[in-house]
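work31.txt (compact mmCIF, C-alpha atoms)
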# COMPACT_ATOMS: atom_id res chain seq x y z
CA MET A 1 5.31 -31.37 -6.80
CA SER A 2 5.21 -32.93 -3.35
CA GLU A 3 4.31 -31.55 0.03
CA ARG A 4 7.93 -32.10 1.04
CA GLU A 5 9.10 -29.77 -1.76
CA ASP A 6 6.56 -27.14 -0.69
CA GLN A 7 7.91 -27.35 2.84
CA GLU A 8 11.43 -26.87 1.49
CA ILE A 9 10.31 -23.68 -0.32
CA ARG A 10 8.79 -22.43 2.93
CA ARG A 11 12.03 -23.16 4.80
CA LEU A 12 14.15 -21.40 2.19
CA LEU A 13 11.84 -18.39 2.21
CA ARG A 14 12.02 -18.09 6.00
CA ALA A 15 15.83 -18.31 5.79
CA ALA A 16 16.10 -15.67 3.04
CA VAL A 17 13.48 -13.29 4.46
CA PRO A 18 13.51 -13.50 8.26
CA PRO A 19 10.67 -12.14 10.43
CA VAL A 20 10.70 -8.45 11.23
CA ARG A 21 12.37 -7.68 14.57
CA GLU A 22 11.73 -3.95 15.02
CA ARG A 23 8.01 -3.73 15.63
CA GLU A 24 7.58 -0.23 16.97
CA PRO A 25 7.68 3.06 15.08
CA SER A 26 10.82 5.16 15.49
CA SER A 27 8.84 7.91 17.25
CA ASP A 28 5.39 8.86 18.44
CA LEU A 29 3.31 9.25 15.28
CA TRP A 30 0.53 11.31 16.88
CA PRO A 31 2.06 14.76 16.12
CA ARG A 32 2.45 13.79 12.45
CA LEU A 33 -1.11 12.53 12.35
CA VAL A 34 -2.44 15.75 13.87
CA ARG A 35 -0.59 17.76 11.22
CA ARG A 36 -2.10 15.59 8.52
CA LEU A 37 -5.59 15.92 9.97
CA ASP A 38 -5.18 19.70 10.03
CA GLU A 39 -3.58 20.10 6.60
CA ARG A 40 -5.22 17.61 4.32
CA PRO A 41 -8.43 18.91 2.77
CA SER A 42 -11.17 16.42 2.20
CA PRO A 43 -11.29 15.28 -1.45
CA TRP A 44 -15.09 15.40 -1.16
CA ILE A 45 -14.97 19.18 -1.05
CA TRP A 46 -13.25 19.22 -4.45
CA LEU A 47 -15.61 16.59 -5.77
CA ASP A 48 -18.62 18.59 -4.56
CA CYS A 49 -17.26 21.75 -6.20
CA ALA A 50 -16.58 19.91 -9.45
CA LEU A 51 -20.11 18.46 -9.53
CA ALA A 52 -21.69 21.82 -8.75
CA GLY A 53 -19.62 23.43 -11.51
CA ALA A 54 -20.69 20.76 -13.97
CA VAL A 55 -24.37 21.30 -13.14
CA VAL A 56 -24.05 25.09 -13.56
CA ALA A 57 -22.26 24.59 -16.89
CA VAL A 58 -25.05 22.33 -18.12
CA PHE A 59 -27.65 24.94 -17.14
CA ILE A 60 -25.71 27.70 -18.97
CA PHE A 61 -25.08 25.78 -22.19
CA TYR A 62 -28.38 23.87 -22.24
CA PRO A 63 -31.00 26.20 -20.65
CA GLN A 64 -33.78 24.06 -22.13
CA VAL A 65 -33.07 21.35 -19.53
CA VAL A 66 -33.83 23.71 -16.60
CA PRO A 67 -37.63 23.30 -16.75
CA TRP A 68 -37.24 19.54 -17.04
CA VAL A 69 -34.94 19.44 -13.99
CA LEU A 70 -37.35 21.63 -12.01
CA MET A 71 -40.20 19.27 -12.87
CA GLN A 72 -38.21 16.37 -11.40
CA CYS A 73 -37.82 18.16 -8.05
CA MET B 74 -17.07 0.75 24.65
CA GLU B 75 -17.72 4.31 25.78
CA MET B 76 -14.51 5.43 24.09
CA LEU B 77 -15.62 3.77 20.84
CA GLN B 78 -18.97 5.54 21.05
CA GLN B 79 -17.22 8.87 21.58
CA PHE B 80 -14.93 8.14 18.65
CA ALA B 81 -17.91 7.29 16.43
CA LEU B 82 -19.30 10.72 17.28
CA GLY B 83 -16.04 12.32 16.10
CA ASP B 84 -14.48 13.06 19.49
CA ILE B 85 -10.80 13.80 18.78
CA GLU B 86 -9.73 12.93 22.34
CA ALA B 87 -11.32 9.49 22.06
CA PHE B 88 -9.58 9.08 18.71
CA GLU B 89 -6.24 10.06 20.23
CA ALA B 90 -6.76 7.53 23.03
CA LEU B 91 -7.52 4.80 20.46
CA PHE B 92 -4.53 5.84 18.40
CA ARG B 93 -2.16 5.70 21.38
CA ARG B 94 -3.55 2.35 22.46
CA HIS B 95 -3.29 0.71 19.03
CA GLN B 96 -0.61 2.51 16.98
CA ASP B 97 2.14 0.00 17.86
CA GLU B 98 -0.09 -2.95 17.02
CA ILE B 99 -1.14 -1.51 13.67
CA TYR B 100 2.42 -0.42 12.84
CA SER B 101 3.68 -3.89 13.73
CA TRP B 102 1.13 -5.50 11.43
CA ILE B 103 1.99 -3.16 8.56
CA VAL B 104 5.77 -3.44 8.94
CA CYS B 105 5.45 -7.23 8.84
CA LEU B 106 3.70 -6.85 5.50
CA VAL B 107 5.76 -4.14 3.81
CA ARG B 108 9.09 -4.80 5.61
CA ASN B 109 10.13 -1.18 5.35
CA PRO B 110 9.94 0.93 8.55
CA ALA B 111 9.60 4.30 6.81
CA ALA B 112 6.83 3.06 4.53
CA ALA B 113 5.17 1.35 7.51
CA GLU B 114 5.07 4.63 9.44
CA ASP B 115 3.50 6.45 6.48
CA LEU B 116 0.95 3.67 6.04
CA THR B 117 0.14 3.68 9.76
CA LEU B 118 -0.58 7.40 9.52
CA GLU B 119 -2.70 6.86 6.42
CA THR B 120 -4.59 4.05 8.17
CA PHE B 121 -5.50 6.20 11.17
CA TRP B 122 -6.27 9.18 8.96
CA ARG B 123 -8.79 7.04 7.07
CA ILE B 124 -10.12 5.67 10.33
CA TYR B 125 -10.78 9.17 11.60
CA ARG B 126 -12.42 10.19 8.35
CA SER B 127 -14.72 7.14 8.60
CA HIS B 128 -15.65 7.61 12.26
CA ALA B 129 -19.31 8.23 11.44
CA ARG B 130 -19.57 4.84 9.71
CA PHE B 131 -17.96 2.95 12.61
CA ASP B 132 -20.26 0.72 14.65
CA PRO B 133 -19.09 0.88 18.31
CA GLY B 134 -20.23 -2.72 18.71
CA ARG B 135 -17.55 -3.85 16.26
CA ASN B 136 -13.98 -4.81 17.07
CA PHE B 137 -11.90 -1.67 16.49
CA VAL B 138 -8.60 -3.51 15.99
CA SER B 139 -10.05 -5.86 13.37
CA TRP B 140 -11.47 -2.89 11.49
CA ALA B 141 -8.20 -0.95 11.72
CA ARG B 142 -6.17 -3.97 10.68
CA ARG B 143 -8.38 -4.50 7.64
CA ILE B 144 -7.85 -0.92 6.49
CA ALA B 145 -4.11 -1.26 7.18
CA THR B 146 -3.91 -4.51 5.23
CA ASN B 147 -5.62 -3.03 2.19
CA LEU B 148 -3.26 -0.06 2.23
CA ALA B 149 -0.22 -2.32 2.69
CA ILE B 150 -1.26 -4.54 -0.23
CA GLY B 151 -1.67 -1.42 -2.38
CA HIS B 152 1.84 -0.39 -1.38
CA LEU B 153 3.21 -3.86 -2.19
CA HIS B 154 1.50 -3.71 -5.57
CA ARG B 155 3.13 -0.38 -6.41
CA ALA B 156 6.50 -1.41 -4.97
CA GLY B 157 6.36 -4.70 -6.89
CA ARG B 158 5.94 -2.87 -10.18
CA GLU B 159 8.96 -0.72 -9.40
CA THR B 160 10.98 -3.72 -8.29
CA ALA B 161 10.45 -5.50 -11.58
CA ALA B 162 12.57 -2.79 -13.16
CA SER B 163 15.01 -1.76 -10.45
CA GLU B 164 15.32 -4.53 -7.85
CA GLU B 165 15.29 -1.67 -5.32
CA LEU B 166 13.05 -3.63 -3.02
CA LEU B 167 15.76 -6.19 -2.43
CA ASP B 168 17.47 -3.68 -0.19
CA ALA B 169 14.27 -3.30 1.81
CA LEU B 170 14.04 -7.04 2.40
CA PRO B 171 16.53 -7.80 5.15
CA GLY B 172 18.31 -11.11 4.78
CA ARG B 173 20.12 -13.11 7.40
CA THR B 174 23.73 -12.15 7.86
CA GLY B 175 26.39 -14.68 8.72
CA PRO B 176 29.23 -16.75 7.38
CA ASP B 177 27.22 -18.10 4.40
CA SER B 178 28.98 -19.15 1.24
CA ALA B 179 28.74 -17.00 -1.87
CA GLU B 180 26.44 -19.62 -3.39
CA GLN B 181 24.07 -19.50 -0.42
CA HIS B 182 24.14 -15.72 -0.52
CA GLU B 183 23.22 -15.69 -4.20
CA ARG B 184 20.46 -18.21 -3.66
CA ALA B 185 18.99 -16.16 -0.81
CA ARG B 186 19.12 -13.09 -3.03
CA ALA B 187 17.34 -14.96 -5.83
CA ILE B 188 14.65 -16.08 -3.39
CA ARG B 189 14.13 -12.52 -2.17
CA LEU B 190 13.90 -11.28 -5.75
CA ALA B 191 11.43 -14.01 -6.76
CA PHE B 192 9.42 -13.31 -3.61
CA ALA B 193 9.34 -9.56 -4.35
CA ARG B 194 7.95 -10.35 -7.80
CA LEU B 195 4.97 -12.33 -6.49
CA PRO B 196 1.56 -10.67 -6.92
CA ALA B 197 0.89 -8.40 -3.94
CA LYS B 198 -2.05 -10.42 -2.58
CA LEU B 199 -0.10 -13.68 -2.67
CA ARG B 200 2.97 -12.03 -1.23
CA ALA B 201 0.97 -10.58 1.65
CA VAL B 202 -0.43 -13.97 2.60
CA ALA B 203 2.94 -15.70 2.23
CA THR B 204 4.57 -13.04 4.40
CA LEU B 205 2.03 -13.33 7.16
CA ALA B 206 1.56 -17.11 7.07
CA ILE B 207 5.05 -18.40 6.27
CA ILE B 208 7.51 -15.75 7.42
CA GLU B 209 5.65 -14.20 10.35
CA GLU B 210 3.71 -17.40 11.18
CA LYS B 211 0.48 -15.56 11.98
CA PRO B 212 -2.61 -17.69 12.60
CA TYR B 213 -4.74 -18.31 9.50
CA ALA B 214 -7.84 -16.95 11.22
CA GLU B 215 -6.07 -13.66 11.99
CA ILE B 216 -4.91 -13.32 8.38
CA ALA B 217 -8.38 -14.17 7.08
CA THR B 218 -10.01 -11.46 9.21
CA ALA B 219 -7.45 -8.86 8.14
CA LEU B 220 -7.95 -9.67 4.47
CA GLY B 221 -11.71 -10.10 4.68
CA ILE B 222 -11.57 -13.61 3.20
CA SER B 223 -12.15 -17.13 4.54
CA VAL B 224 -9.50 -19.36 6.12
CA PRO B 225 -9.62 -21.80 3.15
CA ALA B 226 -9.05 -18.83 0.83
CA VAL B 227 -5.98 -17.85 2.89
CA LYS B 228 -4.63 -21.41 2.62
CA SER B 229 -5.32 -21.40 -1.10
CA ARG B 230 -3.38 -18.16 -1.59
CA GLU B 231 -0.50 -19.49 0.49
CA PHE B 232 -0.41 -22.65 -1.63
CA ARG B 233 -0.44 -20.62 -4.85
CA ALA B 234 2.30 -18.36 -3.52
CA VAL B 235 4.56 -21.31 -2.76
CA ARG B 236 3.98 -22.89 -6.16
CA LEU B 237 4.53 -19.60 -7.99
CA LEU B 238 7.67 -18.92 -5.99
CA ARG B 239 9.05 -22.30 -6.94
CA LYS B 240 8.19 -21.69 -10.61
CA LYS B 241 9.93 -18.32 -10.58
CA LEU B 242 13.00 -19.81 -8.91
CA THR B 243 13.15 -22.54 -11.51
CA GLU B 244 12.92 -19.92 -14.27
CA MET B 245 15.82 -18.11 -12.60
CA GLY B 246 17.83 -21.32 -12.64
CA VAL B 247 17.66 -21.83 -8.88
CA GLU B 248 16.83 -25.34 -7.73
CA PRO B 249 15.63 -25.49 -4.13
Represent the structure contained in this file as structure tokens.
Amino acid sequence: MSEREDQEIRRLLRAAVPPVREREPSSDLWPRLVRRLDERPSPWIWLDCALAGAVVAVFIFYPQVVPWVLMQC
Amino acid sequence: MEMLQQFALGDIEAFEALFRRHQDEIYSWIVCLVRNPAAAEDLTLETFWRIYRSHARFDPGRNFVSWARRIATNLAIGHLHRAGRETAASEELLDALPGRTGPDSAEQHERARAIRLAFARLPAKLRAVATLAIIEEKPYAEIATALGISVPAVKSREFRAVRLLRKKLTEMGVEP
């Protein structure tokens, strides 16, 4: 395939999919962002809770590991 | 610089000032990539939400726009990847890719549609580079920074995109 054919593909692509003209959002996005910042809980909180729960479960079902864990601290 | 330092400390007013200064630029970059205004607005919000969450890791000596654009590009490529999978089944994305309107013949119209479909089926990373380099004619260096790759890597992806697009068109029975 030649460079000329590649250029033809580029030309056809530009003709079929023209550059975007509207380059500004339809409205000010700040109010939406503030709502999202206020509403969305951090996934780390859930991850922290899940990890803490897993550790407690291990201690309950395998109490023999508690002394070993304490020795590592 | 002072504003960036305040932002790095988590100051919401500094963040708002940065957002207002750069939201149009980031939106513009994203809409060029995803070519869907509603999706671009959502991705702009997601970009700045992630930026705010990462404020403590931001080095005020760095270029804020480059950092923001990198996050935006990664999110946009993720969106293209998901949209591409859906398009393979539904061709819905064709409606989101605006074509030129005018007194074209039916044959030209069909060919343009085939090109848009083949383009929508390119892998997201190749499509992103082809969009920015060929359609939007962004400088290679700018694309490289946004993608976190070298300029030769950008040129390589563009080359692969063109070759794959031609292959897909040939498979569809469209000769350029």
> Please, what distance in Å, to one decimal, runs between atom CA of Ala129 of chain B and atom CA of Tyr100 of chain B?
Replying inline: 23.4 Å
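Computed from the coordinates, the atom CA of Asp115 of chain B to atom CA of Ala16 of chain A distance equals 25.7 Å.
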>> Taking 4 positions as the minimum chain separation for residues in the same chain, which residues sit within 10 Å of Ile99 of chain B when counting all atoms listed in the file? Answer as a VMD selection string.
In response: (chain A and resid 23 to 24) or (chain B and resid 92 94 to 95 103 to 105 113 to 114 116 to 118 120 to 121 138 to 139 141 to 146)
>> To one decimal place in Å, what is the distance between atom CA of Ala187 of chain B and atom CA of Ile9 of chain A?
In response: 12.5 Å
>> Please find the residues of chain A near chain B - the criterion being any atom within 7 Å, counting all atoms listed in the file - and write them as a PyMOL selection string.
In response: chain A and resi 6+9-10+13-20+23-25+33+37
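A distance cut-off of 12 Å around (-15.5, 4.9, 22.2), counting all atoms listed in the file, selects these protein and nucleic acid residues: Met74, Glu75, Met76, Leu77, Gln78, Gln79, Phe80, Ala81, Leu82, Gly83, Asp84, Ile85, Glu86, Ala87, Phe88, Glu89, Ala90, Leu91, Phe92, His128, Ala129, Phe131, Asp132, Pro133, Gly134, Arg135, Asn136 and Phe137 of chain B.
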>> Around the point (-8.3, -17.2, 7.1) (coordinates from the file), which residues reach within 12 Å if we count all atoms listed in the file? Answer as a PyMOL selection string.
In response: chain B and resi 202+205-206+211-231
Atoms are missing here; could segment 44-71 of chain A be completed with N, CA and C atoms and written as a compact mmCIF listing (two decimals), in the frame of the given file?
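In the end it all went to part.txt:
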# COMPACT_ATOMS: atom_id res chain seq x y z
N TRP A 44 -13.66 15.24 -0.84
CA TRP A 44 -15.09 15.40 -1.16
C TRP A 44 -15.44 16.85 -1.44
N ILE A 45 -14.70 17.77 -0.80
CA ILE A 45 -14.97 19.18 -1.05
C ILE A 45 -14.71 19.48 -2.52
N TRP A 46 -13.58 18.98 -3.04
CA TRP A 46 -13.25 19.22 -4.45
C TRP A 46 -14.25 18.52 -5.36
N LEU A 47 -14.65 17.32 -4.95
CA LEU A 47 -15.61 16.59 -5.77
C LEU A 47 -16.94 17.33 -5.80
N ASP A 48 -17.37 17.84 -4.64
CA ASP A 48 -18.62 18.59 -4.56
C ASP A 48 -18.56 19.82 -5.46
N CYS A 49 -17.42 20.53 -5.38
CA CYS A 49 -17.26 21.75 -6.20
C CYS A 49 -17.30 21.40 -7.68
N ALA A 50 -16.63 20.31 -8.04
CA ALA A 50 -16.58 19.91 -9.45
C ALA A 50 -17.99 19.55 -9.95
N LEU A 51 -18.75 18.84 -9.12
CA LEU A 51 -20.11 18.46 -9.53
C LEU A 51 -21.00 19.69 -9.66
N ALA A 52 -20.88 20.60 -8.70
CA ALA A 52 -21.69 21.82 -8.75
C ALA A 52 -21.35 22.62 -10.00
N GLY A 53 -20.05 22.71 -10.32
CA GLY A 53 -19.62 23.43 -11.51
C GLY A 53 -20.17 22.80 -12.77
N ALA A 54 -20.18 21.46 -12.79
CA ALA A 54 -20.69 20.76 -13.97
C ALA A 54 -22.17 21.03 -14.16
N VAL A 55 -22.92 21.05 -13.05
CA VAL A 55 -24.37 21.30 -13.14
C VAL A 55 -24.62 22.72 -13.64
N VAL A 56 -23.87 23.69 -13.11
CA VAL A 56 -24.05 25.09 -13.56
C VAL A 56 -23.72 25.20 -15.05
N ALA A 57 -22.65 24.53 -15.47
CA ALA A 57 -22.26 24.59 -16.89
C ALA A 57 -23.36 24.02 -17.78
N VAL A 58 -23.96 22.93 -17.33
CA VAL A 58 -25.05 22.33 -18.12
C VAL A 58 -26.21 23.32 -18.23
N PHE A 59 -26.54 23.99 -17.13
CA PHE A 59 -27.65 24.94 -17.14
C PHE A 59 -27.35 26.12 -18.07
N ILE A 60 -26.09 26.55 -18.12
CA ILE A 60 -25.71 27.70 -18.97
C ILE A 60 -25.76 27.31 -20.45
N PHE A 61 -25.18 26.17 -20.77
CA PHE A 61 -25.08 25.78 -22.19
C PHE A 61 -26.35 25.11 -22.72
N TYR A 62 -27.13 24.54 -21.82
CA TYR A 62 -28.38 23.87 -22.24
C TYR A 62 -29.54 24.37 -21.37
N PRO A 63 -29.94 25.65 -21.53
CA PRO A 63 -31.00 26.20 -20.65
C PRO A 63 -32.32 25.46 -20.80
N GLN A 64 -32.51 24.76 -21.93
CA GLN A 64 -33.78 24.06 -22.13
C GLN A 64 -34.00 22.92 -21.14
N VAL A 65 -32.90 22.46 -20.47
CA VAL A 65 -33.07 21.35 -19.53
C VAL A 65 -33.56 21.85 -18.16
N VAL A 66 -33.47 23.18 -17.93
CA VAL A 66 -33.83 23.71 -16.60
C VAL A 66 -35.27 23.37 -16.22
N PRO A 67 -36.26 23.65 -17.14
CA PRO A 67 -37.63 23.30 -16.75
C PRO A 67 -37.80 21.81 -16.47
N TRP A 68 -37.13 20.99 -17.25
CA TRP A 68 -37.24 19.54 -17.04
C TRP A 68 -36.69 19.17 -15.66
N VAL A 69 -35.53 19.74 -15.29
CA VAL A 69 -34.94 19.44 -13.99
C VAL A 69 -35.87 19.91 -12.86
N LEU A 70 -36.44 21.10 -13.05
CA LEU A 70 -37.35 21.63 -12.01
C LEU A 70 -38.57 20.72 -11.84
N MET A 71 -39.02 20.16 -12.96
CA MET A 71 -40.20 19.27 -12.87
C MET A 71 -39.87 17.99 -12.09
